[in-house]
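Q: Quick one: structure below, then a few questions.
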Amino acid sequence: MKDLKIIKNIEKKLLYEMYRIRNIEFKIAEYYSEQEMRCPVHLSIGQEAVAVGICSYLKKSDSVLSAHRSHAHYVAKGGSLEKMLGELYGKETGCAQGKGGSMHLIDLDAGFLAAVPIVGSTIPIAVGTAWAKKLKRDTSKTVVFLGEGATETGVFHESLGFAALHNVPIIFICENNLYSVYTHLRDRQSPNRSLKEIVEGHGIKHFHGNGNSVEDVSSIFREGTFENENNAPVFFEFDTYRWLEHCGPNYDDHLKYREDSEVSMWKDRCPINTFEKKLIDEGILSHQELEKYLEKLNIEIEEAFKKAKKSSFLSKEHLYEKIYSD
Amino acid sequence: MREIKFNKAIREATAYCLSEDNMVYVMGLGVPDPKGIFGTTENLLEEFGPERVFDMPIIENGATGIAIGTAIMGMRPIITHQRVEFAILSMEQIVNQAAKWHHMTAGQSKIPLVIRMIIGRGWGQGAQHCQSLETWFAHIPGLKVVSPATPYDAKGLLISSIKDNNPVIFFEHRWLHDTFGNVPEESYEIPLGKANILKHGNDVTLITYSYMTTVSLKAVEILNKMNISVDLIDLRSIKPLDYDTIINSVQKTKRVIVVDNGWTDFGVSSEIISDIATKLGNQLKANPKKIGIENVPIPSTRELAKYCYPNLKTIVTSVLELFDKKVDDAILPEENGMPDVPNKYFLGPF
């Protein structure tokens, strides 16, 4: 009985965490038009399940690195919401005091080491992080989130080769959302290309799953990491979909770069709705319970926005600081 | 004092840092091979083991990112490139990531990283094996650029670079590896960003670095014989550039020539002369001059390549012109050997 209760609580937490990301992202989208958050934002709406499914299995001491669409990973890893919003508003309370912006989130206390927008660039950096841990006999995990576009870069293949050669304990998480900005996968990759074969060609194990199912993500991740006894590099690929435009707060389906039917099909597979329905149907969660959580969440988010808006910008002398380390 | 070669000074500095701090490691194509990066990494693998000294796949950009990742975790990587041109493949990681990391993280992370880049010259190296691209890196806030001219400086500057908490691009001219000079056995550091006044004089300031420092030293000897006294400044670091030492000297001599180690268009010499012009323009007794590599790709054939590089005569002539004097060929040393190999005259001791 006790175990069942624990499982139920874990499942509820997974749903809550996905809601938390989505509602933060929608609130960013809502306030973005005020033009106070003056930096590019790549919102994670639709892709919450991968971030939550993976990060729910990570400890604080484990490390995560990400790329341009990193809000979900940052939040799921336990990054401070107030610091993230402060960063988007360019304020000194931001996680990088406004010097980084949405594309350079960091929260070292939470183990979120870095995110950068140059596609593919955090992949070798993450391999280096994992490798340093191995050399220092530090057994905590290192996870790097990347998109399917990043698997087209040269540095991706360089990093896989090195990780395999030195048996670096790095965990690659590839979120395949089909699009690089407006360009579909079929216009970028040969139909004969198999990411699985590329990864396995380097001698690295490849796992594949439904990235819109938080249960699938976490069970595949658990399986893949638990059976990895000698801490070899391991690769997970999850299919998912972004709802909003590549960069910015809006839907952009009027541009017709993707079929309406495709968008609606993926929205039907919404990672939150499907999981929520399951939890309610199975009696794990009640509507009232969820409402109560969402109310509390809304207050947390609004408070964090208020704080970010009220905070100050760094003064001019800080422009010249922290370019070089002492 | 003991005399050793430049390449051994590099090796000694590396070995010292490896033994002093177990966070230091060396990675690069050919590091443990029988040639050991022109002797600079010879037997380091045997001495420090394969977790500290190792080869790498041909993944310049990836390896730089990997080094950055280890630096974030507190390690102090040294990467080697046998020619600058291979490092070009890693510009993304150097310029976007390493250089900006400390800034982007608002000082929460730092990247202590040394990238050794070797500038080739001679023996038909051709367009892709002999470029001096110091200015590419010196243009970027967040990087430091160092370029020693003597064995003594090679050791002291490399130790300082490895101990520095920032990404440092360390340029070695291939023709310096076999030069020799006094190098103390104990460790010592030479501060980054400080130029060295090698000769003191009042008539003209000669500013240079790297291989051209060795040629300029000989030029100064000749000029002294012709009663022209020269302030000879070896930059040691290209970034931070020691503007103060330069300005103080030119304020005194009121004449300046910069002997660039690379192309003069948008080069180190251009930066220095523009700084002098904005600060001392109306005090100069003569127009400043820049001497450097012809602004063309360097051809492989020695019979064309020899026209690309300034030499002892170019420097002496340029200085004499400032005083309306002509060079007396008798005073110049005889050319000994072919122009595509280092002239024995410039081997040292330095």
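Chain labels A, B, ... are given in the sequence in which chains occur in the structure tokens; within each chain residues are numbered consecutively from 1, and ligands are likewise numbered from 1 in the order shown.
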Looking only at the backbone, which of the residues in stretch 34-69 of chain A does DSSP tag as helix (DSSP H, G or I), as a list in words?

A: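 Selection result, helix (DSSP H, G or I) within stretch 34-69 of chain A: Glu48, Ala49, Val50, Ala51, Val52, Gly53, Ile54 and Cys55 of chain A.
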
Q: Export, as a JSON list (two decimals), in the first residue's frame, the selected residues with C-alpha atoms.

A:
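As a result, again36.json now contains:
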```
[["chain", "number", "residue", "atom", "x", "y", "z"],
["A", 48, "GLU", "CA", 7.54, 19.29, -21.41],
["A", 49, "ALA", "CA", 7.53, 15.50, -21.05],
["A", 50, "VAL", "CA", 11.15, 14.90, -22.04],
["A", 51, "ALA", "CA", 12.51, 17.52, -19.63],
["A", 52, "VAL", "CA", 10.37, 16.29, -16.74],
["A", 53, "GLY", "CA", 10.76, 12.58, -17.50],
["A", 54, "ILE", "CA", 14.55, 12.86, -17.46],
["A", 55, "CYS", "CA", 15.11, 15.41, -14.71]]
```

Q: Which residues are near A:Leu135? Cut-off 12 Å, only C-alpha atoms, ignore same chain within fewer than 6 positions. Put them as a PDB file with C-alpha atoms, in the first residue's frame.

A:
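Okay, part_21.pdb is ready:
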```pdb
ATOM      1  CA  GLY A 128      34.146  17.400 -21.282  1.00  0.00           C
ATOM      2  CA  THR A 129      32.139  17.910 -18.100  1.00  0.00           C
ATOM      3  CA  HIS A 166      37.288   7.340 -23.715  1.00  0.00           C
ATOM      4  CA  ASN A 167      34.147   5.657 -22.360  1.00  0.00           C
ATOM      5  CA  VAL A 168      32.904   9.014 -21.066  1.00  0.00           C
ATOM      6  CA  PRO A 169      29.814   8.659 -18.848  1.00  0.00           C
TER       7      PRO A 169
ATOM      8  CA  ASN B  22      47.139  17.480 -11.065  1.00  0.00           C
ATOM      9  CA  MET B  23      44.293  19.376 -12.713  1.00  0.00           C
ATOM     10  CA  VAL B  24      46.625  20.256 -15.617  1.00  0.00           C
ATOM     11  CA  TYR B  25      46.580  17.975 -18.661  1.00  0.00           C
ATOM     12  CA  PRO B  50      47.882   8.587 -20.162  1.00  0.00           C
ATOM     13  CA  GLU B  51      45.310  10.413 -18.029  1.00  0.00           C
ATOM     14  CA  ARG B  52      47.408  13.588 -18.117  1.00  0.00           C
ATOM     15  CA  THR B  70      36.717  19.969 -18.200  1.00  0.00           C
ATOM     16  CA  MET B  73      34.857  21.363 -13.751  1.00  0.00           C
ATOM     17  CA  GLY B  74      38.094  22.850 -12.437  1.00  0.00           C
ATOM     18  CA  MET B  75      40.674  21.251 -14.720  1.00  0.00           C
TER      19      MET B  75
END
```

Q: Just want the 8 Å neighbourhood of B:Gln93, counted on only C-alpha atoms, with same-chain residues fewer than 3 positions away dropped. Output as a PyMOL selection string.

A: (chain A and resi 121) or (chain B and resi 61+64-65+90+96-98)

Q: Can you write out the residues you just picked, keeping N, CA and C atoms, as a PDB file, in the first residue's frame?

A:
```pdb
ATOM      1  N   SER A 121      26.819  23.228 -29.854  1.00  0.00           N
ATOM      2  CA  SER A 121      28.033  23.642 -29.129  1.00  0.00           C
ATOM      3  C   SER A 121      28.138  23.151 -27.705  1.00  0.00           C
TER       4      SER A 121
ATOM      5  N   ASN B  61      37.370  21.186 -33.198  1.00  0.00           N
ATOM      6  CA  ASN B  61      36.301  21.936 -32.526  1.00  0.00           C
ATOM      7  C   ASN B  61      35.759  21.152 -31.338  1.00  0.00           C
ATOM      8  N   THR B  64      38.131  21.162 -28.394  1.00  0.00           N
ATOM      9  CA  THR B  64      38.157  22.445 -27.681  1.00  0.00           C
ATOM     10  C   THR B  64      36.953  22.539 -26.741  1.00  0.00           C
ATOM     11  N   GLY B  65      35.782  22.087 -27.245  1.00  0.00           N
ATOM     12  CA  GLY B  65      34.592  22.063 -26.393  1.00  0.00           C
ATOM     13  C   GLY B  65      34.786  21.137 -25.207  1.00  0.00           C
ATOM     14  N   SER B  90      38.385  25.223 -34.784  1.00  0.00           N
ATOM     15  CA  SER B  90      37.813  25.340 -33.440  1.00  0.00           C
ATOM     16  C   SER B  90      37.446  26.778 -33.091  1.00  0.00           C
ATOM     17  N   ASN B  96      33.110  31.860 -29.406  1.00  0.00           N
ATOM     18  CA  ASN B  96      31.770  31.955 -28.807  1.00  0.00           C
ATOM     19  C   ASN B  96      31.728  31.421 -27.390  1.00  0.00           C
ATOM     20  N   GLN B  97      32.448  30.332 -27.161  1.00  0.00           N
ATOM     21  CA  GLN B  97      32.283  29.670 -25.859  1.00  0.00           C
ATOM     22  C   GLN B  97      33.388  30.078 -24.880  1.00  0.00           C
ATOM     23  N   ALA B  98      34.625  29.664 -25.143  1.00  0.00           N
ATOM     24  CA  ALA B  98      35.693  29.906 -24.161  1.00  0.00           C
ATOM     25  C   ALA B  98      35.810  31.395 -23.814  1.00  0.00           C
TER      26      ALA B  98
END
```

Q: For chain A against chain B, which residues fall within 8 Å using only C-alpha atoms, given as a PyMOL selection string?

A: chain A and resi 95-97+99-100+104+106+121-133+135+155-156+158-159+162+322-326

Q: DSSP on the backbone: what in stretch 23-267 of chain A comes out strand (DSSP E or B), as an NGL selection string?

A: :A and (63-66 or 107 or 112-115 or 142-147 or 170-176 or 179-180 or 183-184 or 205-210 or 234-239)

Q: Within 12 Å of B:Phe346, counting only C-alpha atoms, which residues show up once you throw out same-chain ones fewer than 2 positions away? Write them as a PyMOL selection string, please.

A: chain B and resi 149-150+175-181+211-219+311-312+333+335-336+341-344+348-350

Q: Could you take the residues named above and write them with N, CA and C atoms, as an mmCIF file, in the first residue's frame?

A:
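Writing done, so here's result-v5.cif:
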```cif
data_model
loop_
_atom_site.group_PDB
_atom_site.id
_atom_site.type_symbol
_atom_site.label_atom_id
_atom_site.label_comp_id
_atom_site.auth_asym_id
_atom_site.auth_seq_id
_atom_site.Cartn_x
_atom_site.Cartn_y
_atom_site.Cartn_z
ATOM 1 N N ALA B 149 59.292 35.290 -27.535
ATOM 2 C CA ALA B 149 60.358 35.374 -28.534
ATOM 3 C C ALA B 149 61.614 34.625 -28.100
ATOM 4 N N THR B 150 61.799 34.426 -26.809
ATOM 5 C CA THR B 150 63.043 33.816 -26.330
ATOM 6 C C THR B 150 62.726 32.573 -25.493
ATOM 7 N N TRP B 175 60.133 28.715 -36.163
ATOM 8 C CA TRP B 175 61.558 29.015 -36.294
ATOM 9 C C TRP B 175 62.216 29.387 -34.971
ATOM 10 N N LEU B 176 61.407 29.464 -33.925
ATOM 11 C CA LEU B 176 61.993 29.740 -32.611
ATOM 12 C C LEU B 176 62.325 28.463 -31.841
ATOM 13 N N HIS B 177 61.697 27.353 -32.224
ATOM 14 C CA HIS B 177 61.859 26.138 -31.423
ATOM 15 C C HIS B 177 63.319 25.719 -31.243
ATOM 16 N N ASP B 178 64.152 26.006 -32.224
ATOM 17 C CA ASP B 178 65.552 25.589 -32.130
ATOM 18 C C ASP B 178 66.480 26.687 -31.643
ATOM 19 N N THR B 179 65.938 27.843 -31.322
ATOM 20 C CA THR B 179 66.804 28.889 -30.765
ATOM 21 C C THR B 179 67.143 28.510 -29.327
ATOM 22 N N PHE B 180 68.219 29.071 -28.813
ATOM 23 C CA PHE B 180 68.600 28.721 -27.447
ATOM 24 C C PHE B 180 68.957 29.966 -26.660
ATOM 25 N N GLY B 181 68.962 29.781 -25.351
ATOM 26 C CA GLY B 181 69.295 30.917 -24.498
ATOM 27 C C GLY B 181 69.242 30.515 -23.035
ATOM 28 N N TYR B 211 59.110 35.706 -33.615
ATOM 29 C CA TYR B 211 60.349 35.504 -34.365
ATOM 30 C C TYR B 211 61.008 36.819 -34.768
ATOM 31 N N MET B 212 60.198 37.817 -35.118
ATOM 32 C CA MET B 212 60.785 39.072 -35.590
ATOM 33 C C MET B 212 61.564 39.787 -34.491
ATOM 34 N N THR B 213 61.359 39.403 -33.243
ATOM 35 C CA THR B 213 62.171 39.970 -32.165
ATOM 36 C C THR B 213 63.632 39.551 -32.329
ATOM 37 N N THR B 214 63.843 38.295 -32.699
ATOM 38 C CA THR B 214 65.229 37.821 -32.836
ATOM 39 C C THR B 214 65.930 38.562 -33.971
ATOM 40 N N VAL B 215 65.197 38.813 -35.056
ATOM 41 C CA VAL B 215 65.793 39.548 -36.183
ATOM 42 C C VAL B 215 66.031 41.007 -35.776
ATOM 43 N N SER B 216 65.067 41.556 -35.045
ATOM 44 C CA SER B 216 65.190 42.961 -34.648
ATOM 45 C C SER B 216 66.359 43.175 -33.688
ATOM 46 N N LEU B 217 66.635 42.176 -32.835
ATOM 47 C CA LEU B 217 67.780 42.302 -31.927
ATOM 48 C C LEU B 217 69.071 42.489 -32.712
ATOM 49 N N LYS B 218 69.208 41.723 -33.796
ATOM 50 C CA LYS B 218 70.399 41.857 -34.643
ATOM 51 C C LYS B 218 70.396 43.218 -35.342
ATOM 52 N N ALA B 219 69.208 43.656 -35.747
ATOM 53 C CA ALA B 219 69.118 44.964 -36.417
ATOM 54 C C ALA B 219 69.589 46.074 -35.474
ATOM 55 N N ASN B 311 63.213 41.098 -43.583
ATOM 56 C CA ASN B 311 64.434 40.509 -43.036
ATOM 57 C C ASN B 311 65.264 41.578 -42.342
ATOM 58 N N LEU B 312 66.457 41.187 -41.971
ATOM 59 C CA LEU B 312 67.333 42.107 -41.255
ATOM 60 C C LEU B 312 67.526 43.412 -42.031
ATOM 61 N N PRO B 333 75.398 41.227 -42.037
ATOM 62 C CA PRO B 333 76.056 39.920 -42.073
ATOM 63 C C PRO B 333 75.786 39.241 -43.406
ATOM 64 N N GLU B 335 74.558 36.598 -46.003
ATOM 65 C CA GLU B 335 73.484 35.606 -46.036
ATOM 66 C C GLU B 335 74.149 34.239 -45.958
ATOM 67 N N ASN B 336 73.772 33.451 -44.999
ATOM 68 C CA ASN B 336 74.333 32.107 -44.978
ATOM 69 C C ASN B 336 73.235 31.073 -45.148
ATOM 70 N N VAL B 341 64.964 28.265 -44.736
ATOM 71 C CA VAL B 341 65.272 27.607 -43.456
ATOM 72 C C VAL B 341 65.781 28.683 -42.503
ATOM 73 N N PRO B 342 65.667 28.444 -41.192
ATOM 74 C CA PRO B 342 66.098 29.487 -40.251
ATOM 75 C C PRO B 342 67.589 29.800 -40.425
ATOM 76 N N ASN B 343 67.890 31.078 -40.456
ATOM 77 C CA ASN B 343 69.266 31.518 -40.581
ATOM 78 C C ASN B 343 69.994 31.271 -39.260
ATOM 79 N N LYS B 344 71.160 30.621 -39.358
ATOM 80 C CA LYS B 344 71.910 30.284 -38.132
ATOM 81 C C LYS B 344 72.231 31.528 -37.309
ATOM 82 N N GLY B 348 70.648 32.248 -31.727
ATOM 83 C CA GLY B 348 70.906 32.609 -30.341
ATOM 84 C C GLY B 348 72.380 32.697 -30.036
ATOM 85 N N PRO B 349 72.760 32.822 -28.778
ATOM 86 C CA PRO B 349 71.859 32.782 -27.626
ATOM 87 C C PRO B 349 70.999 34.035 -27.450
ATOM 88 N N PHE B 350 69.775 33.815 -27.024
ATOM 89 C CA PHE B 350 68.885 34.935 -26.678
ATOM 90 C C PHE B 350 68.533 34.870 -25.214
#
```

Q: Might you pull out every residue within 7 Å of stretch 277-289 of chain B, with only C-alpha atoms counted and same-chain residues fewer than 4 positions away left off, and present them as a PyMOL selection string?

A: chain B and resi 254-258+273+322

Q: In Å, rounded to a single decimal, give me how far atom CA of A:Ala72 is from atom CA of A:Gly209.

A: 18.6 Å

Q: Compare A:Gln288, A:Ser312, A:Phe207, A:Ile272 by their minimum atom-to-atom distance to A:Glu17, counting only C-alpha atoms, and give me the closest one.

A: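 Among the listed residues, the smallest separation from A:Glu17 belongs to A:Ile272.
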
Q: Could you list, as a list in words, every residue within 12 Å of B:Gly36, counting only C-alpha atoms and ignoring same-chain residues fewer than 4 positions away?

A: Asn7, Lys8, Ile10, Arg11, Val26, Met27, Gly28, Leu29, Gly30, Val31, Pro32, Thr40, Thr41, Glu42, Asn43, Leu44, Leu45, Glu46, Val53, Phe54, Asp55, Thr80, His81 and Gln82 of chain B

Q: Those same residues - N, CA and C atoms - I'd like them written as a PDB file, in the first residue's frame.

A:
```
ATOM      1  N   ASN B   7      62.249  24.935 -27.499  1.00  0.00           N
ATOM      2  CA  ASN B   7      61.284  23.827 -27.388  1.00  0.00           C
ATOM      3  C   ASN B   7      61.423  23.115 -26.040  1.00  0.00           C
ATOM      4  N   LYS B   8      62.632  23.047 -25.525  1.00  0.00           N
ATOM      5  CA  LYS B   8      62.821  22.407 -24.217  1.00  0.00           C
ATOM      6  C   LYS B   8      62.294  23.298 -23.093  1.00  0.00           C
ATOM      7  N   ILE B  10      59.639  25.106 -23.391  1.00  0.00           N
ATOM      8  CA  ILE B  10      58.189  24.835 -23.420  1.00  0.00           C
ATOM      9  C   ILE B  10      57.913  23.529 -22.668  1.00  0.00           C
ATOM     10  N   ARG B  11      58.731  22.531 -22.962  1.00  0.00           N
ATOM     11  CA  ARG B  11      58.533  21.239 -22.317  1.00  0.00           C
ATOM     12  C   ARG B  11      58.705  21.344 -20.800  1.00  0.00           C
ATOM     13  N   VAL B  26      47.504  17.697 -20.887  1.00  0.00           N
ATOM     14  CA  VAL B  26      47.879  18.113 -22.244  1.00  0.00           C
ATOM     15  C   VAL B  26      47.201  17.200 -23.255  1.00  0.00           C
ATOM     16  N   MET B  27      46.543  17.789 -24.231  1.00  0.00           N
ATOM     17  CA  MET B  27      45.861  17.020 -25.263  1.00  0.00           C
ATOM     18  C   MET B  27      46.152  17.663 -26.618  1.00  0.00           C
ATOM     19  N   GLY B  28      46.459  16.826 -27.589  1.00  0.00           N
ATOM     20  CA  GLY B  28      46.666  17.375 -28.927  1.00  0.00           C
ATOM     21  C   GLY B  28      47.106  16.286 -29.879  1.00  0.00           C
ATOM     22  N   LEU B  29      46.893  16.542 -31.158  1.00  0.00           N
ATOM     23  CA  LEU B  29      47.288  15.580 -32.177  1.00  0.00           C
ATOM     24  C   LEU B  29      48.796  15.418 -32.139  1.00  0.00           C
ATOM     25  N   GLY B  30      49.255  14.213 -31.846  1.00  0.00           N
ATOM     26  CA  GLY B  30      50.687  13.944 -31.882  1.00  0.00           C
ATOM     27  C   GLY B  30      51.421  14.241 -30.593  1.00  0.00           C
ATOM     28  N   VAL B  31      50.698  14.620 -29.555  1.00  0.00           N
ATOM     29  CA  VAL B  31      51.380  14.960 -28.295  1.00  0.00           C
ATOM     30  C   VAL B  31      52.316  13.838 -27.805  1.00  0.00           C
ATOM     31  N   PRO B  32      51.823  12.559 -27.811  1.00  0.00           N
ATOM     32  CA  PRO B  32      52.737  11.508 -27.323  1.00  0.00           C
ATOM     33  C   PRO B  32      53.547  10.824 -28.428  1.00  0.00           C
ATOM     34  N   THR B  40      58.427  19.550 -27.886  1.00  0.00           N
ATOM     35  CA  THR B  40      57.885  20.287 -26.737  1.00  0.00           C
ATOM     36  C   THR B  40      57.116  19.391 -25.767  1.00  0.00           C
ATOM     37  N   THR B  41      56.723  18.192 -26.238  1.00  0.00           N
ATOM     38  CA  THR B  41      55.971  17.288 -25.337  1.00  0.00           C
ATOM     39  C   THR B  41      56.667  15.933 -25.210  1.00  0.00           C
ATOM     40  N   GLU B  42      57.912  15.913 -25.606  1.00  0.00           N
ATOM     41  CA  GLU B  42      58.682  14.668 -25.620  1.00  0.00           C
ATOM     42  C   GLU B  42      58.665  13.964 -24.252  1.00  0.00           C
ATOM     43  N   ASN B  43      58.282  12.676 -24.259  1.00  0.00           N
ATOM     44  CA  ASN B  43      58.298  11.837 -23.051  1.00  0.00           C
ATOM     45  C   ASN B  43      57.400  12.313 -21.909  1.00  0.00           C
ATOM     46  N   LEU B  44      56.537  13.242 -22.172  1.00  0.00           N
ATOM     47  CA  LEU B  44      55.635  13.678 -21.092  1.00  0.00           C
ATOM     48  C   LEU B  44      54.668  12.563 -20.734  1.00  0.00           C
ATOM     49  N   LEU B  45      54.256  11.791 -21.741  1.00  0.00           N
ATOM     50  CA  LEU B  45      53.355  10.658 -21.475  1.00  0.00           C
ATOM     51  C   LEU B  45      54.005   9.675 -20.505  1.00  0.00           C
ATOM     52  N   GLU B  46      55.259   9.346 -20.783  1.00  0.00           N
ATOM     53  CA  GLU B  46      55.967   8.400 -19.928  1.00  0.00           C
ATOM     54  C   GLU B  46      56.073   8.943 -18.503  1.00  0.00           C
ATOM     55  N   VAL B  53      48.399  13.141 -20.273  1.00  0.00           N
ATOM     56  CA  VAL B  53      49.057  13.490 -21.538  1.00  0.00           C
ATOM     57  C   VAL B  53      48.546  12.530 -22.603  1.00  0.00           C
ATOM     58  N   PHE B  54      47.843  13.042 -23.620  1.00  0.00           N
ATOM     59  CA  PHE B  54      47.283  12.101 -24.585  1.00  0.00           C
ATOM     60  C   PHE B  54      47.033  12.728 -25.948  1.00  0.00           C
ATOM     61  N   ASP B  55      46.921  11.845 -26.889  1.00  0.00           N
ATOM     62  CA  ASP B  55      46.586  12.214 -28.258  1.00  0.00           C
ATOM     63  C   ASP B  55      45.093  12.480 -28.340  1.00  0.00           C
ATOM     64  N   THR B  80      47.218  21.460 -27.937  1.00  0.00           N
ATOM     65  CA  THR B  80      48.267  21.858 -28.884  1.00  0.00           C
ATOM     66  C   THR B  80      47.774  21.713 -30.319  1.00  0.00           C
ATOM     67  N   HIS B  81      48.212  22.628 -31.169  1.00  0.00           N
ATOM     68  CA  HIS B  81      47.966  22.528 -32.618  1.00  0.00           C
ATOM     69  C   HIS B  81      49.303  22.698 -33.328  1.00  0.00           C
ATOM     70  N   GLN B  82      49.649  21.734 -34.156  1.00  0.00           N
ATOM     71  CA  GLN B  82      50.965  21.806 -34.796  1.00  0.00           C
ATOM     72  C   GLN B  82      51.047  22.912 -35.833  1.00  0.00           C
TER      73      GLN B  82
END
```

Q: Mind checking which residues fall within 12 Å of B:Trp136, counting only C-alpha atoms, ignoring those fewer than 2 positions away in the same chain, and posting them as a PyMOL selection string?

A: chain B and resi 84-85+87-88+91+94-95+131-134+138-141+143-145+169+238-239+262-263+266-268

Q: Provide the atom CA of A:Lys136 to atom CA of B:Ser187 distance in Å, to one decimal place.

A: 26.5 Å

Q: Atom CA of A:Lys5 and atom CA of A:Leu285, how far apart in Å?

A: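 Result for atom CA of A:Leu285 versus atom CA of A:Lys5: 11.6 Å, one decimal.
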
Q: If you take only C-alpha atoms and a cut-off of 8 Å, which residues of stretch 164-218 of chain A touch stretch 248-269 of chain A, and what are their nearest atom pairs and distances in Å to one decimal, in chain and number order, as a tab-separated table?

A:
```
residue	atom	partner	partner_atom	distance
A:Tyr182	CA	A:Tyr257	CA	6.2
A:Thr183	CA	A:Tyr257	CA	7.7
A:Asn212	CA	A:Arg269	CA	6.7
```

Q: Taking all heavy atoms for each residue, export the selection above as a short mmCIF file (atom, residue, chain, number, x, y, z; two decimals), in the first residue's frame.

A:
```cif
data_model
loop_
_atom_site.label_atom_id
_atom_site.label_comp_id
_atom_site.auth_asym_id
_atom_site.auth_seq_id
_atom_site.Cartn_x
_atom_site.Cartn_y
_atom_site.Cartn_z
N TYR A 182 12.03 26.74 -39.50
CA TYR A 182 10.89 26.39 -40.36
C TYR A 182 11.18 25.17 -41.23
O TYR A 182 10.37 24.80 -42.06
CB TYR A 182 10.54 27.55 -41.30
CG TYR A 182 10.18 28.82 -40.59
CD1 TYR A 182 10.92 29.99 -40.77
CD2 TYR A 182 9.08 28.86 -39.73
CE1 TYR A 182 10.59 31.16 -40.11
CE2 TYR A 182 8.75 30.03 -39.06
CZ TYR A 182 9.51 31.17 -39.26
OH TYR A 182 9.18 32.33 -38.60
N THR A 183 12.37 24.61 -41.11
CA THR A 183 12.79 23.59 -42.06
C THR A 183 12.55 22.19 -41.51
O THR A 183 13.08 21.84 -40.45
CB THR A 183 14.28 23.78 -42.41
OG1 THR A 183 14.48 25.15 -42.76
CG2 THR A 183 14.69 22.89 -43.56
N ASN A 212 6.39 12.43 -25.95
CA ASN A 212 5.22 13.11 -25.41
C ASN A 212 4.57 12.31 -24.27
O ASN A 212 3.54 12.70 -23.78
CB ASN A 212 4.19 13.37 -26.53
CG ASN A 212 4.51 14.66 -27.25
OD1 ASN A 212 5.65 15.11 -27.24
ND2 ASN A 212 3.52 15.28 -27.88
#
```

Q: B:Asn202, B:Thr135, B:Ser274, B:Asn295: which is nearest B:Tyr243, counting only C-alpha atoms?

A: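 Among B:Asn202, B:Thr135, B:Ser274, B:Asn295, it is B:Ser274 that comes nearest to B:Tyr243.
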